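J.: Just so it is clear, I am handing over upload_6.csv, which has CSV, C-alpha atoms.
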chain,number,residue,atom,x,y,z
A,1255,MET,CA,135.7,85.2,164.8
A,1256,ILE,CA,138.9,87.2,164.2
A,1257,VAL,CA,140.2,86.9,160.6
A,1258,ARG,CA,143.6,88.1,159.9
A,1259,ASN,CA,144.9,89.0,156.5
A,1260,ALA,CA,147.7,86.6,155.4
A,1261,THR,CA,151.0,88.4,156.0
A,1262,GLN,CA,152.6,88.7,152.6
A,1263,VAL,CA,156.2,87.9,151.4
A,1264,GLY,CA,158.3,91.0,152.1
A,1265,ASN,CA,157.2,91.4,155.7
A,1266,PRO,CA,160.1,90.4,157.9
A,1267,VAL,CA,158.0,88.0,160.1
A,1268,ILE,CA,157.6,85.7,157.1
A,1269,ARG,CA,161.4,85.2,156.7
A,1270,ALA,CA,162.2,85.1,160.4
A,1271,LYS,CA,162.6,81.8,162.3
A,1272,ALA,CA,159.6,81.5,164.7
A,1273,LEU,CA,160.3,81.1,168.4
A,1274,ALA,CA,159.2,78.2,170.5
A,1275,VAL,CA,156.0,78.6,172.5
A,1276,LYS,CA,156.8,78.7,176.2
A,1277,ASP,CA,153.3,78.5,177.6
A,1278,ILE,CA,151.3,76.2,175.4
A,1279,ILE,CA,148.0,76.7,177.2
A,1280,SER,CA,148.2,80.4,177.7
A,1281,THR,CA,145.5,82.8,176.7
A,1282,GLN,CA,147.8,84.2,174.0
A,1283,THR,CA,148.5,80.8,172.5
A,1284,LYS,CA,144.8,80.0,172.5
A,1285,ARG,CA,144.0,83.3,170.8
A,1286,ILE,CA,146.6,82.7,168.1
A,1287,VAL,CA,145.2,79.2,167.5
A,1288,HIS,CA,141.7,80.6,167.1
A,1289,ASN,CA,142.8,83.4,164.8
A,1290,LEU,CA,144.7,80.8,162.7
A,1291,VAL,CA,141.7,78.6,162.4
A,1292,ASP,CA,139.4,81.4,161.5
A,1293,SER,CA,141.9,83.0,159.1
A,1294,MET,CA,142.7,79.7,157.4
A,1295,ARG,CA,139.1,78.9,156.8
A,1296,HIS,CA,138.2,82.4,155.7
A,1297,HIS,CA,141.1,82.5,153.1
A,1298,ASP,CA,140.2,79.0,151.8
A,1299,LEU,CA,143.5,77.5,152.8
A,1300,VAL,CA,144.3,73.9,154.1
A,1301,GLY,CA,147.0,75.1,156.5
A,1302,MET,CA,148.3,78.3,158.1
A,1303,ALA,CA,151.2,79.1,160.3
A,1304,ALA,CA,151.4,81.8,163.0
A,1305,PRO,CA,153.9,84.0,161.0
A,1306,GLN,CA,151.2,84.3,158.3
A,1307,ILE,CA,149.1,86.2,160.8
A,1308,GLY,CA,152.0,88.2,162.1
A,1309,SER,CA,153.0,86.1,165.1
A,1310,GLY,CA,156.5,84.8,165.3
A,1311,LEU,CA,155.7,81.7,167.3
A,1312,ARG,CA,156.0,78.0,166.3
A,1313,ILE,CA,152.3,77.2,165.8
A,1314,PHE,CA,150.3,76.1,162.8
A,1315,VAL,CA,147.0,74.5,161.9
A,1316,THR,CA,145.9,72.2,159.2
A,1317,GLU,CA,142.5,71.1,157.9
A,1318,VAL,CA,142.4,69.1,154.7
A,1319,ARG,CA,139.0,69.8,153.1
A,1320,LYS,CA,137.4,70.9,149.9
A,1321,THR,CA,138.6,74.3,148.8
A,1322,THR,CA,138.6,76.3,145.6
A,1323,PHE,CA,141.7,74.3,144.4
A,1324,ARG,CA,141.2,71.1,146.3
A,1325,LYS,CA,138.2,69.2,145.2
A,1326,GLU,CA,139.4,65.7,146.0
A,1327,ASN,CA,137.2,63.0,147.5
A,1328,ASP,CA,136.8,62.1,151.1
A,1329,LYS,CA,139.9,59.9,151.2
A,1330,ASN,CA,142.1,63.1,151.3
A,1331,ARG,CA,140.1,64.8,154.0
A,1332,ASP,CA,141.6,65.3,157.4
A,1333,ALA,CA,140.2,66.9,160.6
A,1334,LEU,CA,141.4,70.2,162.0
A,1335,ARG,CA,144.7,69.7,163.7
A,1336,VAL,CA,146.8,72.1,165.8
A,1337,PHE,CA,150.6,71.8,166.0
A,1338,ILE,CA,152.5,73.7,168.6
A,1339,ASN,CA,156.3,73.5,168.7
A,1340,PRO,CA,156.3,70.9,165.9
A,1341,LYS,CA,159.4,68.8,164.9
A,1342,ILE,CA,159.7,66.5,162.0
A,1343,THR,CA,161.4,63.4,163.4
A,1344,ALA,CA,161.5,61.1,160.4
A,1345,VAL,CA,161.0,61.4,156.6
A,1346,SER,CA,160.7,58.8,153.9
A,1347,LYS,CA,163.2,58.3,151.2
A,1348,THR,CA,160.2,58.2,148.8
A,1349,THR,CA,159.3,61.7,147.5
A,1350,ASN,CA,156.6,63.1,145.3
A,1351,LYS,CA,156.3,66.3,143.3
A,1352,ASP,CA,153.0,68.2,143.5
A,1353,TRP,CA,151.5,71.7,143.2
A,1354,GLU,CA,151.7,74.1,146.1
A,1355,GLY,CA,150.5,77.6,146.6
A,1356,CYS,CA,150.6,79.9,149.6
A,1357,GLY,CA,148.5,82.5,151.4
A,1358,SER,CA,151.6,84.6,151.8
A,1359,VAL,CA,152.2,84.9,148.1
A,1360,VAL,CA,148.5,85.2,147.2
A,1361,SER,CA,148.9,88.6,145.8
A,1362,GLY,CA,151.1,87.1,143.1
A,1363,GLY,CA,148.7,84.2,142.6
A,1364,LEU,CA,151.6,81.9,142.2
A,1365,PHE,CA,151.7,78.1,142.3
A,1366,GLY,CA,154.6,75.7,141.6
A,1367,LYS,CA,155.6,72.1,141.9
A,1368,VAL,CA,157.6,71.1,145.0
A,1369,VAL,CA,159.4,67.8,145.7
A,1370,ARG,CA,158.9,66.7,149.3
A,1371,PRO,CA,159.1,63.4,151.2
A,1372,ALA,CA,155.9,61.4,150.7
A,1373,ARG,CA,155.7,60.4,154.4
A,1374,ILE,CA,156.8,62.1,157.6
A,1375,THR,CA,156.6,61.7,161.3
A,1376,VAL,CA,156.0,64.8,163.3
A,1377,SER,CA,155.9,65.4,167.1
A,1378,ALA,CA,154.1,68.4,168.6
A,1379,TYR,CA,151.7,69.6,171.2
A,1380,ASP,CA,148.0,70.1,170.6
A,1381,GLU,CA,145.9,73.1,171.8
A,1382,HIS,CA,145.4,71.5,175.2
A,1383,GLY,CA,149.2,71.0,175.8
A,1384,THR,CA,149.1,67.3,175.1
A,1385,PRO,CA,152.1,65.9,173.2
A,1386,PHE,CA,151.4,63.7,170.2
A,1387,VAL,CA,153.3,62.0,167.4
A,1388,LEU,CA,151.7,61.8,164.0
A,1389,GLU,CA,152.7,59.8,160.9
A,1390,ALA,CA,151.4,61.6,157.9
A,1391,LYS,CA,151.5,60.8,154.2
A,1392,ASN,CA,150.8,62.4,150.9
A,1393,LEU,CA,148.8,65.6,151.0
A,1394,LEU,CA,148.8,66.0,154.8
A,1395,ALA,CA,152.6,65.3,154.9
A,1396,ARG,CA,153.0,68.0,152.3
A,1397,ILE,CA,151.0,70.5,154.2
A,1398,ILE,CA,152.8,69.9,157.4
A,1399,GLN,CA,156.2,70.3,155.7
A,1400,HIS,CA,155.0,73.5,154.0
A,1401,GLU,CA,153.8,75.0,157.4
A,1402,ILE,CA,157.0,74.0,159.2
A,1403,ASP,CA,158.9,75.7,156.4
A,1404,HIS,CA,157.0,78.9,157.3
A,1405,LEU,CA,158.1,78.5,161.0
A,1406,ASN,CA,161.7,78.3,159.7
A,1407,GLY,CA,161.3,81.4,157.5
A,1408,LYS,CA,161.1,79.5,154.2
A,1409,LEU,CA,158.5,79.8,151.5
A,1410,PHE,CA,157.6,77.2,148.8
A,1411,VAL,CA,159.0,79.5,146.1
A,1412,ASP,CA,162.4,78.9,147.7
A,1413,ILE,CA,162.3,75.2,146.8
A,1414,ALA,CA,159.8,75.0,143.9
A,1415,ASP,CA,160.7,74.0,140.4
A,1416,THR,CA,160.5,77.5,138.8
A,1417,SER,CA,159.7,76.0,135.4
A,1418,THR,CA,156.4,74.9,136.8
A,1419,TYR,CA,155.2,78.3,138.1
A,1420,SER,CA,151.7,79.0,137.2
A,1421,VAL,CA,148.9,81.4,137.9
A,1422,PRO,CA,145.5,80.1,139.1
A,1423,SER,CA,143.7,80.3,135.7
A,1424,GLU,CA,146.5,78.3,134.0
A,1425,LEU,CA,146.8,75.8,136.9
A,1426,ARG,CA,143.0,75.1,136.5
A,1427,LYS,CA,143.6,74.3,132.8
A,1428,LYS,CA,146.5,72.0,133.6
A,1429,ILE,CA,144.4,70.1,136.2
A,1430,GLN,CA,141.4,69.8,133.9
A,1431,LYS,CA,143.6,68.5,131.1
A,1432,LYS,CA,145.2,66.0,133.4
A,1433,LYS,CA,141.8,64.7,134.5
A,1434,ARG,CA,140.7,64.3,130.9
A,1435,THR,CA,143.7,62.2,130.1
A,1436,LYS,CA,143.1,59.8,133.0
Show the structure stored in the file as structure tokens.
T.:
Amino acid sequence: MIVRNATQVGNPVIRAKALAVKDIISTQTKRIVHNLVDSMRHHDLVGMAAPQIGSGLRIFVTEVRKTTFRKENDKNRDALRVFINPKITAVSKTTNKDWEGCGSVVSGGLFGKVVRPARITVSAYDEHGTPFVLEAKNLLARIIQHEIDHLNGKLFVDIADTSTYSVPSELRKKIQKKKRTK
């Protein structure tokens, strides 16, 4: 297991547009995928893009599971997925606004609400070089869009509603209050 620290905002790789992977099944690509998976799990994230571990290639991983901030039930879980050279090919007109955080602004402990399409279609290659198309909705769609933003040099703070910015302790209070009012 090789865990990489999440590259933080301010490092040029975070703001650079990632390059397409030319050899999807190369040893280098496999190493990046393994490092992403190990790092994502270690840092308690549900997605992580290659620029976040210092690699400027178009690769990211997702795994929707229980984390410190995501305690949803099984309906929101999703298996580990690898996306190489991903492209969003369709987005819904319907949007939703929800909380996002980021391993690359973890030092600031910042969360904010971001409006994103509720459903998307993405095409990519998996870790075996097999092309696939995935229709995703809600949380998985949000995570995929967030990670593709990383590949394009964009962070959630660039598009978040700044009036919703919150640190972890205050976000927990807001979530608990919302649960009590349901």
J.: Step by step: start from the point (152.1, 84.8, 163.7) in the file's coordinates, keep every protein, DNA or RNA residue that has an atom no farther than 12 Å from it, count all atoms listed in the file, and write the set as an MDAnalysis selection string.
T.: chainID A and resid 1258:1262 1265:1275 1282:1283 1285:1290 1293 1302:1315 1358 1401 1404:1405 1407
J.: How many Å lie between CA of Arg1396 (chain A) and CA of Glu1354 (chain A), rounded to one decimal?
T.: 8.8 Å
J.: Would you mind listing what lies within 8 Å of region 1371-1384 of chain A as a ChimeraX atom specification, with all atoms listed in the file counted and same-chain residues fewer than 2 positions away left out?
T.: /A:1278-1279,1284,1287,1335-1350,1369,1386-1392,1395-1396
J.: Convert the current residue selection to file output with C-alpha atoms, as a PDB file, in the coordinates of the input.
T.:
ATOM      1  CA  ILE A1278     151.300  76.200 175.400  1.00  0.00           C
ATOM      2  CA  ILE A1279     148.000  76.700 177.200  1.00  0.00           C
ATOM      3  CA  LYS A1284     144.800  80.000 172.500  1.00  0.00           C
ATOM      4  CA  VAL A1287     145.200  79.200 167.500  1.00  0.00           C
ATOM      5  CA  ARG A1335     144.700  69.700 163.700  1.00  0.00           C
ATOM      6  CA  VAL A1336     146.800  72.100 165.800  1.00  0.00           C
ATOM      7  CA  PHE A1337     150.600  71.800 166.000  1.00  0.00           C
ATOM      8  CA  ILE A1338     152.500  73.700 168.600  1.00  0.00           C
ATOM      9  CA  ASN A1339     156.300  73.500 168.700  1.00  0.00           C
ATOM     10  CA  PRO A1340     156.300  70.900 165.900  1.00  0.00           C
ATOM     11  CA  LYS A1341     159.400  68.800 164.900  1.00  0.00           C
ATOM     12  CA  ILE A1342     159.700  66.500 162.000  1.00  0.00           C
ATOM     13  CA  THR A1343     161.400  63.400 163.400  1.00  0.00           C
ATOM     14  CA  ALA A1344     161.500  61.100 160.400  1.00  0.00           C
ATOM     15  CA  VAL A1345     161.000  61.400 156.600  1.00  0.00           C
ATOM     16  CA  SER A1346     160.700  58.800 153.900  1.00  0.00           C
ATOM     17  CA  LYS A1347     163.200  58.300 151.200  1.00  0.00           C
ATOM     18  CA  THR A1348     160.200  58.200 148.800  1.00  0.00           C
ATOM     19  CA  THR A1349     159.300  61.700 147.500  1.00  0.00           C
ATOM     20  CA  ASN A1350     156.600  63.100 145.300  1.00  0.00           C
ATOM     21  CA  VAL A1369     159.400  67.800 145.700  1.00  0.00           C
ATOM     22  CA  PHE A1386     151.400  63.700 170.200  1.00  0.00           C
ATOM     23  CA  VAL A1387     153.300  62.000 167.400  1.00  0.00           C
ATOM     24  CA  LEU A1388     151.700  61.800 164.000  1.00  0.00           C
ATOM     25  CA  GLU A1389     152.700  59.800 160.900  1.00  0.00           C
ATOM     26  CA  ALA A1390     151.400  61.600 157.900  1.00  0.00           C
ATOM     27  CA  LYS A1391     151.500  60.800 154.200  1.00  0.00           C
ATOM     28  CA  ASN A1392     150.800  62.400 150.900  1.00  0.00           C
ATOM     29  CA  ALA A1395     152.600  65.300 154.900  1.00  0.00           C
ATOM     30  CA  ARG A1396     153.000  68.000 152.300  1.00  0.00           C
TER      31      ARG A1396
END
J.: Nearest to Leu1425 (chain A) among A:Glu1317, A:Asp1412, A:Asp1403, A:Asp1352, with distances taken over only C-alpha atoms: which residue is it?
T.: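 The answer is A:Asp1352, which sits nearest to Leu1425 (chain A).
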J.: Rank nothing, just name the residue among A:Val1257, A:Val1411, A:Val1300, A:Ile1429 nearest to Leu1364 (chain A), using all atoms listed in the file.
T.: A:Val1411
J.: So how many Å separate CA of Thr1321 (chain A) and CA of Lys1408 (chain A), to one decimal?
T.: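 Going from CA of Thr1321 (chain A) over to CA of Lys1408 (chain A) covers 23.7 Å.
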J.: Which residues come within 7 Å of Gly1366 (chain A), counting all atoms listed in the file, excluding same-chain residues fewer than 3 positions away, as a PDB file with C-alpha atoms, in the frame of the given file?
T.:
ATOM      1  CA  TRP A1353     151.500  71.700 143.200  1.00  0.00           C
ATOM      2  CA  GLU A1354     151.700  74.100 146.100  1.00  0.00           C
ATOM      3  CA  GLY A1355     150.500  77.600 146.600  1.00  0.00           C
ATOM      4  CA  ALA A1414     159.800  75.000 143.900  1.00  0.00           C
ATOM      5  CA  ASP A1415     160.700  74.000 140.400  1.00  0.00           C
ATOM      6  CA  THR A1416     160.500  77.500 138.800  1.00  0.00           C
ATOM      7  CA  THR A1418     156.400  74.900 136.800  1.00  0.00           C
ATOM      8  CA  TYR A1419     155.200  78.300 138.100  1.00  0.00           C
ATOM      9  CA  SER A1420     151.700  79.000 137.200  1.00  0.00           C
TER      10      SER A1420
END
J.: Quote the spacing between CA of Lys1351 (chain A) and CA of Gly1264 (chain A) in Å to one decimal place.
T.: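 Interatomic distance here is 26.3 Å.
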